[in-house]
>>> print(open('query33.cif').read())   # mmCIF, C-alpha atoms
data_start
loop_
_atom_site.label_atom_id
_atom_site.label_comp_id
_atom_site.auth_asym_id
_atom_site.auth_seq_id
_atom_site.Cartn_x
_atom_site.Cartn_y
_atom_site.Cartn_z
CA MET W 1 -39.82 -0.54 12.82
CA SER W 2 -36.34 0.65 13.64
CA LEU W 3 -33.18 -1.08 14.73
CA PRO W 4 -32.01 -0.49 18.30
CA LEU W 5 -29.16 1.78 17.30
CA PRO W 6 -26.54 1.19 20.00
CA ARG W 7 -26.55 -2.56 19.46
CA SER W 8 -26.31 -2.10 15.68
CA VAL W 9 -23.34 0.16 16.14
CA ILE W 10 -21.67 -2.38 18.42
CA PHE W 11 -22.19 -5.18 15.92
CA LEU W 12 -20.77 -3.02 13.14
CA ALA W 13 -17.84 -1.81 15.24
CA VAL W 14 -16.71 -5.12 16.78
CA PRO W 15 -15.25 -6.42 13.47
CA LEU W 16 -12.95 -3.39 13.30
CA ILE W 17 -10.71 -4.93 15.97
CA PRO W 18 -9.79 -8.07 13.99
CA VAL W 19 -9.73 -5.97 10.81
CA LEU W 20 -6.91 -3.86 12.21
CA LEU W 21 -4.97 -6.96 13.19
CA ALA W 22 -5.64 -8.67 9.84
CA GLY W 23 -4.59 -5.59 7.90
CA TRP W 24 -1.30 -5.64 9.76
CA LEU W 25 -0.52 -9.34 10.25
CA HIS W 26 -2.59 -11.48 7.84
CA PRO W 27 -0.27 -13.35 5.42
CA GLU W 28 -2.72 -12.67 2.56
CA ARG W 29 -3.41 -9.05 3.53
CA PRO W 30 -3.70 -6.48 0.74
CA ASP W 31 -0.38 -5.14 -0.45
CA TRP W 32 -0.62 -1.59 0.91
CA LYS W 33 2.47 -0.47 -1.01
CA LEU W 34 0.91 -1.51 -4.31
CA LEU W 35 -2.28 0.31 -3.36
CA ILE W 36 -0.35 3.57 -3.16
CA HIS W 37 0.37 3.07 -6.87
CA PRO W 38 -2.84 1.49 -8.17
CA ILE W 39 -2.92 -0.10 -11.60
CA PRO W 40 -4.13 2.59 -14.04
CA VAL W 41 -7.22 1.71 -16.03
CA LEU W 42 -7.13 3.41 -19.43
CA ASP W 43 -9.96 3.92 -21.85
CA ARG W 44 -7.67 5.34 -24.52
CA VAL W 45 -3.95 5.09 -25.18
CA ALA W 46 -1.82 8.15 -25.82
CA VAL W 47 1.44 6.29 -26.50
CA ARG W 48 2.39 5.22 -30.03
CA ASN W 49 1.09 1.73 -30.66
CA ASP W 50 4.48 0.24 -31.64
CA ARG W 51 6.01 1.29 -28.30
CA ILE W 52 3.39 -0.56 -26.27
CA LEU W 53 3.78 -4.17 -25.26
CA TRP W 54 0.20 -5.43 -25.46
CA ILE W 55 -0.73 -8.38 -23.26
CA ASP W 56 -3.88 -10.24 -24.22
CA ALA W 57 -5.31 -11.82 -21.05
CA ARG W 58 -7.98 -13.86 -22.83
CA THR W 59 -7.92 -17.61 -23.42
CA ALA W 60 -5.79 -19.13 -26.20
CA ASP W 61 -8.88 -19.83 -28.32
CA GLU W 62 -10.08 -16.25 -28.06
CA PHE W 63 -6.58 -15.00 -28.82
CA ARG W 64 -6.42 -17.14 -31.95
CA ARG W 65 -9.69 -15.69 -33.20
CA GLY W 66 -8.18 -12.20 -33.19
CA HIS W 67 -5.97 -9.91 -31.18
CA ARG W 68 -4.06 -6.63 -31.27
CA ALA W 69 -1.02 -6.49 -33.51
CA GLY W 70 2.04 -7.79 -31.67
CA ALA W 71 0.11 -8.80 -28.57
CA ILE W 72 1.33 -11.63 -26.34
CA ASN W 73 -1.23 -14.04 -24.99
CA LEU W 74 -0.63 -14.29 -21.24
CA HIS W 75 -3.06 -15.59 -18.66
CA MET W 76 -2.95 -17.67 -15.49
CA ALA W 77 -3.11 -21.00 -17.34
CA ASN W 78 -0.14 -20.36 -19.67
CA TRP W 79 1.90 -18.12 -17.38
CA GLU W 80 5.05 -20.22 -17.24
CA GLU W 81 5.25 -20.69 -21.02
CA ALA W 82 4.31 -17.16 -22.05
CA LEU W 83 6.26 -15.16 -19.49
CA PRO W 84 9.68 -15.81 -21.12
CA VAL W 85 8.27 -14.54 -24.43
CA LEU W 86 7.18 -11.36 -22.70
CA ILE W 87 10.55 -10.92 -21.00
CA ASP W 88 12.31 -11.33 -24.37
CA GLN W 89 10.27 -8.55 -25.95
CA TRP W 90 10.01 -6.14 -23.07
CA THR W 91 12.39 -3.30 -22.33
CA PRO W 92 11.94 -0.95 -19.39
CA GLU W 93 10.88 1.98 -21.61
CA ARG W 94 8.02 -0.01 -23.15
CA PRO W 95 4.78 0.36 -21.21
CA ILE W 96 2.90 -2.89 -20.71
CA ILE W 97 -0.83 -2.69 -21.29
CA VAL W 98 -3.07 -5.63 -20.45
CA TYR W 99 -6.38 -6.01 -22.19
CA GLY W 100 -9.02 -8.71 -22.43
CA ASP W 101 -12.71 -9.40 -22.38
CA ASP W 102 -14.30 -6.52 -20.52
CA ALA W 103 -16.94 -8.87 -19.12
CA ARG W 104 -14.14 -10.76 -17.35
CA PHE W 105 -12.37 -7.78 -15.91
CA MET W 106 -11.07 -9.85 -12.98
CA GLN W 107 -8.92 -11.94 -15.32
CA ILE W 108 -7.34 -8.81 -16.76
CA ARG W 109 -6.59 -7.48 -13.30
CA GLN W 110 -5.15 -10.80 -12.16
CA VAL W 111 -2.64 -10.74 -15.00
CA ALA W 112 -1.77 -7.08 -14.45
CA ARG W 113 -1.29 -7.54 -10.72
CA ARG W 114 0.82 -10.64 -11.13
CA LEU W 115 3.03 -8.89 -13.67
CA ARG W 116 3.57 -6.00 -11.28
CA ARG W 117 4.26 -8.29 -8.36
CA GLU W 118 6.52 -10.85 -10.02
CA LEU W 119 8.45 -8.63 -12.41
CA ASP W 120 8.37 -5.56 -10.20
CA VAL W 121 7.18 -3.64 -13.25
CA LYS W 122 5.51 -0.34 -12.38
CA THR W 123 4.45 0.56 -15.94
CA VAL W 124 1.61 -1.93 -16.20
CA SER W 125 -1.78 -0.56 -17.14
CA ILE W 126 -5.13 -2.02 -18.01
CA PHE W 127 -6.97 -1.07 -21.17
CA ARG W 128 -10.75 -1.35 -21.02
CA GLU W 129 -12.76 -1.76 -24.14
CA LYS W 130 -15.42 -3.95 -25.65
CA MET W 131 -13.59 -6.93 -27.07
CA ASN W 132 -15.94 -7.26 -30.04
CA GLY W 133 -13.81 -4.76 -31.89
CA VAL W 134 -10.39 -6.32 -31.22
CA LYS W 135 -9.71 -8.32 -34.32
CA ASP W 136 -7.05 -6.26 -35.96
CA ALA W 137 -4.50 -9.04 -36.40
CA PRO W 138 -4.81 -12.75 -37.05
CA MET Y 1 -45.22 -18.18 14.91
CA LYS Y 2 -43.56 -21.02 16.73
CA ALA Y 3 -40.26 -20.62 18.47
CA TRP Y 4 -38.65 -23.31 16.38
CA ILE Y 5 -39.26 -21.29 13.23
CA THR Y 6 -37.40 -18.37 14.77
CA TRP Y 7 -34.56 -20.65 15.73
CA ALA Y 8 -34.53 -22.37 12.35
CA LEU Y 9 -34.29 -19.04 10.51
CA ALA Y 10 -31.60 -17.81 12.88
CA VAL Y 11 -29.58 -21.02 12.55
CA VAL Y 12 -29.84 -21.03 8.76
CA LEU Y 13 -28.72 -17.40 8.48
CA ALA Y 14 -26.01 -17.82 11.13
CA THR Y 15 -24.65 -20.89 9.36
CA ILE Y 16 -24.54 -19.10 6.02
CA TRP Y 17 -22.74 -16.11 7.54
CA ALA Y 18 -20.29 -18.29 9.44
CA VAL Y 19 -19.40 -20.40 6.41
CA ALA Y 20 -19.14 -17.34 4.18
CA GLY Y 21 -17.08 -15.39 6.69
CA ILE Y 22 -14.65 -18.17 7.55
CA GLY Y 23 -14.19 -19.02 3.87
CA LYS Y 24 -13.43 -15.44 2.90
CA ILE Y 25 -11.29 -14.58 5.88
CA GLN Y 26 -8.43 -16.69 4.54
CA ASN Y 27 -7.78 -14.64 1.43
CA PRO Y 28 -8.50 -10.91 1.73
CA THR Y 29 -6.48 -10.15 -1.40
CA GLY Y 30 -8.57 -12.54 -3.48
CA LEU Y 31 -11.77 -11.11 -2.01
CA ALA Y 32 -10.62 -7.57 -2.82
CA GLU Y 33 -10.10 -8.64 -6.44
CA THR Y 34 -13.61 -10.09 -6.50
CA ILE Y 35 -15.06 -6.87 -5.10
CA ILE Y 36 -13.26 -4.84 -7.77
CA GLY Y 37 -14.53 -7.34 -10.35
CA TYR Y 38 -18.10 -6.30 -9.55
CA ARG Y 39 -17.16 -2.84 -10.82
CA PHE Y 40 -19.53 -0.84 -8.67
CA LEU Y 41 -16.80 1.21 -6.99
CA PRO Y 42 -15.44 4.40 -8.53
CA HIS Y 43 -11.95 3.75 -9.91
CA ALA Y 44 -10.65 7.31 -10.13
CA PHE Y 45 -7.29 7.63 -8.32
CA GLY Y 46 -7.42 3.94 -7.36
CA ILE Y 47 -10.24 4.53 -4.87
CA ASP Y 48 -11.76 1.20 -5.85
CA GLU Y 49 -8.61 -0.66 -4.84
CA TRP Y 50 -8.53 0.98 -1.42
CA LEU Y 51 -12.24 0.51 -0.77
CA ALA Y 52 -12.09 -3.09 -1.98
CA ALA Y 53 -9.11 -3.83 0.27
CA LEU Y 54 -10.87 -2.37 3.30
CA LEU Y 55 -14.14 -4.15 2.51
CA ALA Y 56 -12.27 -7.41 1.97
CA LEU Y 57 -10.81 -7.14 5.45
CA TYR Y 58 -14.06 -5.98 7.08
CA LEU Y 59 -16.85 -8.03 5.50
CA PRO Y 60 -15.74 -11.53 6.58
CA TRP Y 61 -15.44 -10.42 10.20
CA LEU Y 62 -18.78 -8.64 10.06
CA GLU Y 63 -20.34 -11.84 8.74
CA ILE Y 64 -18.85 -13.84 11.61
CA VAL Y 65 -20.04 -11.30 14.20
CA LEU Y 66 -23.53 -11.41 12.69
CA ALA Y 67 -23.48 -15.22 12.76
CA MET Y 68 -22.77 -15.16 16.48
CA ALA Y 69 -25.27 -12.38 17.16
CA LEU Y 70 -28.05 -14.26 15.35
CA LEU Y 71 -27.63 -17.12 17.84
CA TRP Y 72 -27.79 -14.75 20.82
CA PRO Y 73 -31.49 -14.21 21.65
CA ALA Y 74 -31.02 -10.66 22.93
CA GLY Y 75 -29.12 -9.63 19.82
CA ARG Y 76 -31.03 -11.63 17.26
CA ARG Y 77 -33.40 -8.96 16.06
CA THR Y 78 -30.69 -6.38 15.56
CA ALA Y 79 -28.53 -8.95 13.80
CA ALA Y 80 -31.47 -9.92 11.60
CA GLY Y 81 -31.98 -6.27 10.63
CA LEU Y 82 -28.32 -5.85 9.79
CA THR Y 83 -28.39 -9.17 7.93
CA ALA Y 84 -31.32 -7.94 5.85
CA ALA Y 85 -29.53 -4.66 5.09
CA LEU Y 86 -26.30 -6.43 4.13
CA LEU Y 87 -28.08 -8.99 1.98
CA ALA Y 88 -30.03 -6.23 0.26
CA ALA Y 89 -26.75 -4.45 -0.54
CA PHE Y 90 -25.18 -7.70 -1.82
CA THR Y 91 -28.26 -8.34 -3.93
CA VAL Y 92 -28.06 -4.92 -5.57
CA VAL Y 93 -24.34 -5.37 -6.30
CA VAL Y 94 -24.82 -8.84 -7.78
CA ALA Y 95 -27.85 -7.70 -9.80
CA GLN Y 96 -26.01 -4.75 -11.36
CA ALA Y 97 -23.08 -7.00 -12.32
CA TRP Y 98 -25.38 -9.58 -13.87
CA ALA Y 99 -27.33 -6.90 -15.73
CA ARG Y 100 -24.06 -5.54 -17.17
CA GLY Y 101 -23.02 -8.96 -18.43
CA ILE Y 102 -20.05 -9.37 -16.09
CA GLU Y 103 -18.90 -12.99 -15.95
CA MET Y 104 -17.49 -14.02 -12.58
CA ASP Y 105 -17.96 -16.24 -9.59
CA CYS Y 106 -20.04 -14.43 -6.99
CA GLY Y 107 -17.25 -14.73 -4.39
CA CYS Y 108 -19.84 -15.21 -1.65
CA PHE Y 109 -18.00 -18.18 -0.17
CA ASP Y 110 -14.60 -19.72 -0.58
CA SER Y 111 -13.71 -21.11 -4.02
CA TRP Y 112 -15.17 -24.57 -3.21
CA ALA Y 113 -18.65 -23.05 -3.38
CA ALA Y 114 -18.26 -21.04 -6.57
CA MET Y 115 -21.64 -19.82 -7.76
CA SER Y 116 -22.73 -17.91 -10.84
CA LEU Y 117 -24.28 -14.48 -10.45
CA PRO Y 118 -27.89 -15.47 -11.27
CA HIS Y 119 -27.75 -18.33 -8.77
CA ALA Y 120 -26.27 -16.03 -6.15
CA LEU Y 121 -29.02 -13.52 -6.85
CA GLY Y 122 -31.74 -16.13 -6.30
CA ARG Y 123 -30.13 -17.40 -3.11
CA ASN Y 124 -29.67 -13.87 -1.76
CA LEU Y 125 -33.32 -13.05 -2.32
CA ILE Y 126 -34.43 -16.14 -0.41
CA LEU Y 127 -32.09 -15.35 2.47
CA LEU Y 128 -33.26 -11.74 2.41
CA VAL Y 129 -36.84 -12.90 2.93
CA PHE Y 130 -35.69 -15.09 5.86
CA ALA Y 131 -33.84 -12.17 7.42
CA ILE Y 132 -36.79 -9.80 7.04
CA ILE Y 133 -39.13 -12.36 8.61
CA LEU Y 134 -36.75 -12.78 11.54
CA TRP Y 135 -36.33 -9.03 11.90
CA ARG Y 136 -40.04 -8.26 11.79
CA LEU Y 137 -41.12 -10.81 14.36
CA PRO Y 138 -42.74 -9.11 17.36
CA VAL Y 139 -40.27 -8.20 20.09
CA CYS Y 140 -40.55 -8.81 23.82
CA ALA Y 141 -38.64 -7.19 26.65
CA GLY Y 142 -34.92 -7.92 26.49
CA GLY Y 143 -34.75 -7.84 22.71
CA ALA Y 144 -35.75 -11.47 22.06
CA THR Y 145 -38.55 -12.07 19.60
CA ARG Y 146 -41.87 -13.06 21.10
CA ALA Y 147 -41.57 -16.41 19.41
CA ASP Y 148 -38.49 -17.09 21.53
CA GLN Y 149 -40.63 -17.01 24.62
CA ILE Y 150 -43.55 -19.13 23.40
#
>>> encode(input="query33.cif", output="structure tokens")
Amino acid sequence: MSLPLPRSVIFLAVPLIPVLLAGWLHPERPDWKLLIHPIPVLDRVAVRNDRILWIDARTADEFRRGHRAGAINLHMANWEEALPVLIDQWTPERPIIVYGDDARFMQIRQVARRLRRELDVKTVSIFREKMNGVKDAP
Amino acid sequence: MKAWITWALAVVLATIWAVAGIGKIQNPTGLAETIIGYRFLPHAFGIDEWLAALLALYLPWLEIVLAMALLWPAGRRTAAGLTAALLAAFTVVVAQAWARGIEMDCGCFDSWAAMSLPHALGRNLILLVFAIILWRLPVCAGGATRADQI
């Protein structure tokens, strides 16, 4: 049993009209400029560890149980308190790398995107790894 | 099969699409993040961000068009077929994320209807069966299912 093709094509094509308008005018449309410079996702880090400003995007409890040396705990819930700490420690030559629980990749991206948007920082990357191994500093 | 069953299936599926589409249409950026969160798109060169942004703009409107088409007798069967195809794709995406241990809200509706991945998987499978039943109903001239004319 096959679909009547022309009607399928029409149903699939009709949404393209509002899509074009939404992509241009919607107040919550994707930020096309940011998409030209997507957030890099790293699986290894080539920069010396002490030059990196690590941002731990996990919850405070998870952060307390273990985190990378020198990392700052920053997530949506503690943004206002933790952001000044980050600004104190950050200098433009220090790359910011956000990491977190790989199973909650969306949280990591949220933090990275917000950092890029609010601080206008282009050197934000995401580091992907299994968090089971990240317990190198109390 | 009685006509009311056809209508009931069409109304259920149309309502789900309409609610899902209208809920998601308000925040394409958030939906794009959810799509990336499923991690089924290739992320080399930021392709995932572009595809997610385009899908986030397109999917809600497609859902609304399908909702309307399901309530139009002449377009119902086609819409049911597309609904089945779309639900099958959603089901595969949700299933792969669940199997990989990804923890997230399914993003199927607006945030008021947050649903875990296993629940979304179960619901999708039920709706997929509804859509296939509606699609496979015998067709009469004009595109309406035979049940529409009983």
>>> resolve_selection(input="query33.cif", expression="the PyMOL selection byres ((chain Y and resi 135) around 7)", output="PyMOL selection string")
chain Y and resi 77+80-81+131-134+136-137
>>> residues_around(input="query33.cif", residues="segment 7-12 of chain Y", least_positions_apart="2", cutoff="10 Å", atoms="all atoms listed in the file", output="list of chain:residue names")
Y:Lys2, Y:Ala3, Y:Trp4, Y:Ile5, Y:Ala14, Y:Thr15, Y:Ile16, Y:Trp17, Y:Ala18, Y:Ala67, Y:Met68, Y:Ala69, Y:Leu70, Y:Leu71, Y:Trp72, Y:Pro73, Y:Arg76, Y:Arg77, Y:Ala79, Y:Ala80, Y:Leu127, Y:Phe130, Y:Ala131, Y:Ile133, Y:Leu134, Y:Ala147, Y:Asp148
>>> interface_residues(input="query33.cif", of="chain Y", to="chain W", cutoff="7 Å", atoms="all atoms listed in the file", output="list in words")
Asn27, Pro28, Thr29, Glu33, Thr34, Gly37, Gly46, Glu49, Trp50, Ala53, Leu57, Tyr58, Trp61, Leu62, Val65, Thr78, Gly81, Gly101, Ile102, Glu103 and Met104 of chain Y
>>> closest_residue(input="query33.cif", among="W:Tyr99, W:Trp24, W:Trp79, W:Trp90", to="Ala57 of chain W", atoms="all atoms listed in the file")
W:Tyr99
>>> resolve_selection(input="query33.cif", expression="the PyMOL selection byres ((chain Y and resi 94) around 8)", output="compact mmCIF listing (two decimals) with C-alpha atoms, keeping the file's coordinate frame")
# COMPACT_ATOMS: atom_id res chain seq x y z
CA TYR Y 38 -18.10 -6.30 -9.55
CA PHE Y 90 -25.18 -7.70 -1.82
CA THR Y 91 -28.26 -8.34 -3.93
CA VAL Y 92 -28.06 -4.92 -5.57
CA VAL Y 93 -24.34 -5.37 -6.30
CA ALA Y 95 -27.85 -7.70 -9.80
CA GLN Y 96 -26.01 -4.75 -11.36
CA ALA Y 97 -23.08 -7.00 -12.32
CA TRP Y 98 -25.38 -9.58 -13.87
CA CYS Y 106 -20.04 -14.43 -6.99
CA LEU Y 117 -24.28 -14.48 -10.45
CA ALA Y 120 -26.27 -16.03 -6.15
CA LEU Y 121 -29.02 -13.52 -6.85
